[in-house]
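Data first, discussion second: the structure below is written as structure tokens.
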Amino acid sequence: MNPAVITEAEIDAAYAAYKTDAEKNGYRLNPDEDFVKNLIRGLLKNGQRYGYRACPCRLASGIKDQDLDIVCPCDYRDSDLEEHGACYCALYVNEAIASGKQTVAPIPERRPPRSERMKAGSIRVASTTERPVFPLPVWRCKVCGYLCAREQPPGICPICKATKERFERFV
Amino acid sequence: MPTHVNGKDKGQVMLYALSTCQWCHKTKVLLESLGIAFDYEYVDLLEGKEQDEAMAKIERWNPAGSFPTLVIGDTRAIIGFRESEILEAFGA
């Protein structure tokens, strides 16, 4: 089956949604609208291809569980914004770049290389037997850092709206 | 198979890119504007063994396996869209 063509109207709608969502949550999109729309085209294309919007500037494996860290917004966004003023693909930028006072420079890849990723285990389900300090497991949203103590992670992060699978067991 | 772009011969110039990546796109446009001959491969459009082989080649130069990776003359690589380094590498 050929993937459906992504129309300009779909890109415009997604752009408006990303912009509103970013600003509502204290983030800024890159002021270069054409650049952002091309990134969004890539995100929508990855959504069609893989079933999730993997970062357009990274190679997705096609296996969602292995690519959760690069589903936009990626796990590395906030660290890259802090250190470099922009996320890896430069969809999200800091205030200085958003207001045109600073420009985007190439950002080194923070994601571990393939060889290391294969070793990393994934934590998805709380162990009910292992409770070192607290009566409940503590869950951390890997996108925004939100923490909560409960039996299971929330279905959707109340802060950044990331889905349950983006949570890791913190304590 | 990589796609060839005709132009002035500056030795072997190979661009590993993603079809969805804007920094890769900027790099390709810059190479085209320089009028040099180069080859490019959209690694996200490769499958299975072909993609693995391309990644192995990229990781020799760039262990992070990131894009774009531009390999020049099999002697050096420029990782990411680094305009001034690319211009300097081709004496432009």
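Within each chain, counting starts at residue 1; across the structure tokens, chains are named A, B, ... in the order shown, with ligands numbered 1 upward in that order.
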
Exercise for review: Taking only C-alpha atoms into account, report as a ChimeraX atom specification which residues of chain A lie within 9 Å of chain B.
Suggested key: /A:35-36,38-39,41-43,45-46,55-60,89,105-114

Which residues are near Glu41 of chain B? Cut-off 10 Å, only C-alpha atoms, ignore same chain within fewer than 5 positions. Put them as a PDB file with N, CA, C and O atoms, in the first residue's frame.
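part-v2.pdb written:
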ATOM      1  N   MET B   1      21.425   1.256  -3.766  1.00  0.00           N
ATOM      2  CA  MET B   1      22.472   1.953  -4.530  1.00  0.00           C
ATOM      3  C   MET B   1      22.387   3.460  -4.307  1.00  0.00           C
ATOM      4  O   MET B   1      21.320   4.050  -4.435  1.00  0.00           O
ATOM      5  N   PRO B   2      23.518   4.086  -3.990  1.00  0.00           N
ATOM      6  CA  PRO B   2      23.489   5.550  -3.816  1.00  0.00           C
ATOM      7  C   PRO B   2      23.094   6.257  -5.126  1.00  0.00           C
ATOM      8  O   PRO B   2      23.303   5.712  -6.198  1.00  0.00           O
ATOM      9  N   THR B   3      22.562   7.434  -4.994  1.00  0.00           N
ATOM     10  CA  THR B   3      22.205   8.245  -6.164  1.00  0.00           C
ATOM     11  C   THR B   3      23.373   9.176  -6.460  1.00  0.00           C
ATOM     12  O   THR B   3      23.926   9.798  -5.549  1.00  0.00           O
ATOM     13  N   HIS B   4      23.732   9.279  -7.735  1.00  0.00           N
ATOM     14  CA  HIS B   4      24.855  10.126  -8.119  1.00  0.00           C
ATOM     15  C   HIS B   4      24.368  11.492  -8.575  1.00  0.00           C
ATOM     16  O   HIS B   4      23.357  11.598  -9.267  1.00  0.00           O
ATOM     17  N   MET B  14      30.631  11.219  -0.362  1.00  0.00           N
ATOM     18  CA  MET B  14      29.455  10.390  -0.084  1.00  0.00           C
ATOM     19  C   MET B  14      28.656  10.999   1.071  1.00  0.00           C
ATOM     20  O   MET B  14      29.183  11.195   2.165  1.00  0.00           O
ATOM     21  N   LEU B  15      27.398  11.282   0.814  1.00  0.00           N
ATOM     22  CA  LEU B  15      26.518  11.853   1.839  1.00  0.00           C
ATOM     23  C   LEU B  15      25.520  10.794   2.312  1.00  0.00           C
ATOM     24  O   LEU B  15      24.736  10.276   1.511  1.00  0.00           O
ATOM     25  N   TYR B  16      25.587  10.477   3.601  1.00  0.00           N
ATOM     26  CA  TYR B  16      24.595   9.585   4.208  1.00  0.00           C
ATOM     27  C   TYR B  16      23.548  10.479   4.867  1.00  0.00           C
ATOM     28  O   TYR B  16      23.897  11.328   5.708  1.00  0.00           O
ATOM     29  N   ALA B  17      22.297  10.310   4.461  1.00  0.00           N
ATOM     30  CA  ALA B  17      21.258  11.239   4.882  1.00  0.00           C
ATOM     31  C   ALA B  17      19.968  10.492   5.193  1.00  0.00           C
ATOM     32  O   ALA B  17      19.853   9.289   4.953  1.00  0.00           O
ATOM     33  N   LEU B  18      19.003  11.249   5.750  1.00  0.00           N
ATOM     34  CA  LEU B  18      17.642  10.737   5.942  1.00  0.00           C
ATOM     35  C   LEU B  18      16.709  11.583   5.085  1.00  0.00           C
ATOM     36  O   LEU B  18      16.876  12.806   5.022  1.00  0.00           O
ATOM     37  N   SER B  19      15.735  10.945   4.483  1.00  0.00           N
ATOM     38  CA  SER B  19      14.846  11.679   3.576  1.00  0.00           C
ATOM     39  C   SER B  19      13.962  12.677   4.324  1.00  0.00           C
ATOM     40  O   SER B  19      13.434  13.598   3.723  1.00  0.00           O
ATOM     41  N   LEU B  46      16.294   2.614   2.970  1.00  0.00           N
ATOM     42  CA  LEU B  46      16.863   1.272   2.789  1.00  0.00           C
ATOM     43  C   LEU B  46      16.197   0.322   3.776  1.00  0.00           C
ATOM     44  O   LEU B  46      15.674   0.737   4.799  1.00  0.00           O
ATOM     45  N   ALA B  54      24.824   0.104   5.501  1.00  0.00           N
ATOM     46  CA  ALA B  54      25.037   1.559   5.438  1.00  0.00           C
ATOM     47  C   ALA B  54      25.370   2.094   6.831  1.00  0.00           C
ATOM     48  O   ALA B  54      26.294   2.901   6.988  1.00  0.00           O
TER      49      ALA B  54
END

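DSSP secondary structure from the backbone places Lys8, Val13, Met14, Leu15, Tyr16, Ala17, Ile36, Phe38, Asp39, Tyr40, Glu41, Tyr42, Thr69, Leu70, Val71 and Ile72 of chain B of segment 8-73 of chain B in strand (DSSP E or B).
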
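Residues surrounding Ile36 of chain B within 9 Å are Val5, Asn6, Gly7, Lys8, Asp9, Lys10, Val13, Leu31, Glu32 and Phe90 of chain B [only C-alpha atoms; sequence separation below 4 positions excluded].
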
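Separating atom CA of Pro158 of chain A from atom CA of Val138 of chain A is a distance of 15.0 Å.
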
Point to revise | Selected residue of minimal separation from Gly48 of chain B among A:Gly62, A:Gly85, A:Pro154, A:Gly145, counting only C-alpha atoms | key: A:Gly62

List as a PDB file with all heavy atoms, in the first residue's frame the protein and nucleic acid residues near Phe134 of chain A, meaning an atom at most 12 Å away when only C-alpha atoms are counted, but skip any in the same chain fewer than 6 places from it.
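Saved to part.pdb:
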ATOM      1  N   THR A 128       6.034  -5.333  42.438  1.00  0.00           N
ATOM      2  CA  THR A 128       5.280  -5.086  43.675  1.00  0.00           C
ATOM      3  C   THR A 128       6.033  -5.611  44.898  1.00  0.00           C
ATOM      4  O   THR A 128       5.673  -5.310  46.023  1.00  0.00           O
ATOM      5  CB  THR A 128       3.889  -5.738  43.610  1.00  0.00           C
ATOM      6  OG1 THR A 128       4.048  -7.060  43.144  1.00  0.00           O
ATOM      7  CG2 THR A 128       2.960  -4.972  42.690  1.00  0.00           C
ATOM      8  N   CYS A 148       5.811  10.910  40.094  1.00  0.00           N
ATOM      9  CA  CYS A 148       4.628  10.622  40.896  1.00  0.00           C
ATOM     10  C   CYS A 148       4.814   9.262  41.562  1.00  0.00           C
ATOM     11  O   CYS A 148       5.530   8.402  41.060  1.00  0.00           O
ATOM     12  CB  CYS A 148       3.364  10.628  40.036  1.00  0.00           C
ATOM     13  SG  CYS A 148       3.377   9.409  38.727  1.00  0.00           S
ATOM     14  N   ALA A 149       4.201   9.108  42.726  1.00  0.00           N
ATOM     15  CA  ALA A 149       4.304   7.856  43.467  1.00  0.00           C
ATOM     16  C   ALA A 149       2.944   7.178  43.430  1.00  0.00           C
ATOM     17  O   ALA A 149       1.971   7.686  43.996  1.00  0.00           O
ATOM     18  CB  ALA A 149       4.730   8.144  44.897  1.00  0.00           C
ATOM     19  N   ARG A 150       2.863   6.075  42.730  1.00  0.00           N
ATOM     20  CA  ARG A 150       1.613   5.322  42.636  1.00  0.00           C
ATOM     21  C   ARG A 150       1.922   3.933  42.097  1.00  0.00           C
ATOM     22  O   ARG A 150       3.033   3.683  41.636  1.00  0.00           O
ATOM     23  CB  ARG A 150       0.584   6.052  41.761  1.00  0.00           C
ATOM     24  CG  ARG A 150       1.159   6.557  40.439  1.00  0.00           C
ATOM     25  CD  ARG A 150       0.204   7.486  39.720  1.00  0.00           C
ATOM     26  NE  ARG A 150      -0.772   6.692  38.991  1.00  0.00           N
ATOM     27  CZ  ARG A 150      -1.747   7.211  38.264  1.00  0.00           C
ATOM     28  NH1 ARG A 150      -1.882   8.526  38.178  1.00  0.00           N
ATOM     29  NH2 ARG A 150      -2.581   6.446  37.624  1.00  0.00           N
ATOM     30  N   GLU A 151       0.948   3.046  42.138  1.00  0.00           N
ATOM     31  CA  GLU A 151       1.197   1.659  41.729  1.00  0.00           C
ATOM     32  C   GLU A 151       1.682   1.557  40.280  1.00  0.00           C
ATOM     33  O   GLU A 151       2.590   0.807  39.959  1.00  0.00           O
ATOM     34  CB  GLU A 151      -0.078   0.815  41.887  1.00  0.00           C
ATOM     35  CG  GLU A 151      -0.478   0.527  43.338  1.00  0.00           C
ATOM     36  CD  GLU A 151       0.485  -0.397  44.071  1.00  0.00           C
ATOM     37  OE1 GLU A 151       1.382  -0.967  43.425  1.00  0.00           O
ATOM     38  OE2 GLU A 151       0.352  -0.528  45.299  1.00  0.00           O
ATOM     39  N   PHE A 170      11.497   5.149  38.805  1.00  0.00           N
ATOM     40  CA  PHE A 170      12.559   6.028  39.300  1.00  0.00           C
ATOM     41  C   PHE A 170      13.089   5.526  40.633  1.00  0.00           C
ATOM     42  O   PHE A 170      14.287   5.506  40.877  1.00  0.00           O
ATOM     43  CB  PHE A 170      11.982   7.442  39.429  1.00  0.00           C
ATOM     44  CG  PHE A 170      13.000   8.498  39.742  1.00  0.00           C
ATOM     45  CD1 PHE A 170      14.020   8.783  38.841  1.00  0.00           C
ATOM     46  CD2 PHE A 170      12.931   9.220  40.914  1.00  0.00           C
ATOM     47  CE1 PHE A 170      14.965   9.765  39.119  1.00  0.00           C
ATOM     48  CE2 PHE A 170      13.871  10.208  41.203  1.00  0.00           C
ATOM     49  CZ  PHE A 170      14.881  10.478  40.303  1.00  0.00           C
ATOM     50  N   VAL A 171      12.186   5.151  41.517  1.00  0.00           N
ATOM     51  CA  VAL A 171      12.584   4.575  42.811  1.00  0.00           C
ATOM     52  C   VAL A 171      11.744   3.330  43.038  1.00  0.00           C
ATOM     53  O   VAL A 171      10.532   3.358  42.800  1.00  0.00           O
ATOM     54  CB  VAL A 171      12.336   5.566  43.979  1.00  0.00           C
ATOM     55  CG1 VAL A 171      12.689   4.899  45.319  1.00  0.00           C
ATOM     56  CG2 VAL A 171      13.160   6.827  43.802  1.00  0.00           C
TER      57      VAL A 171
END

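Across A:Ala96, A:Ile6, A:Ala54, A:Cys160, the tightest approach to Val71 of chain A is made by A:Ala54 when counting only C-alpha atoms.
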
**Study point:** d(atom CA of Thr75 of chain B, atom CA of Tyr40 of chain B) in Å
**Key:** 17.0 Å

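Straight-line separation from atom CA of Cys141 of chain A to atom CA of Tyr50 of chain A: 22.6 Å.
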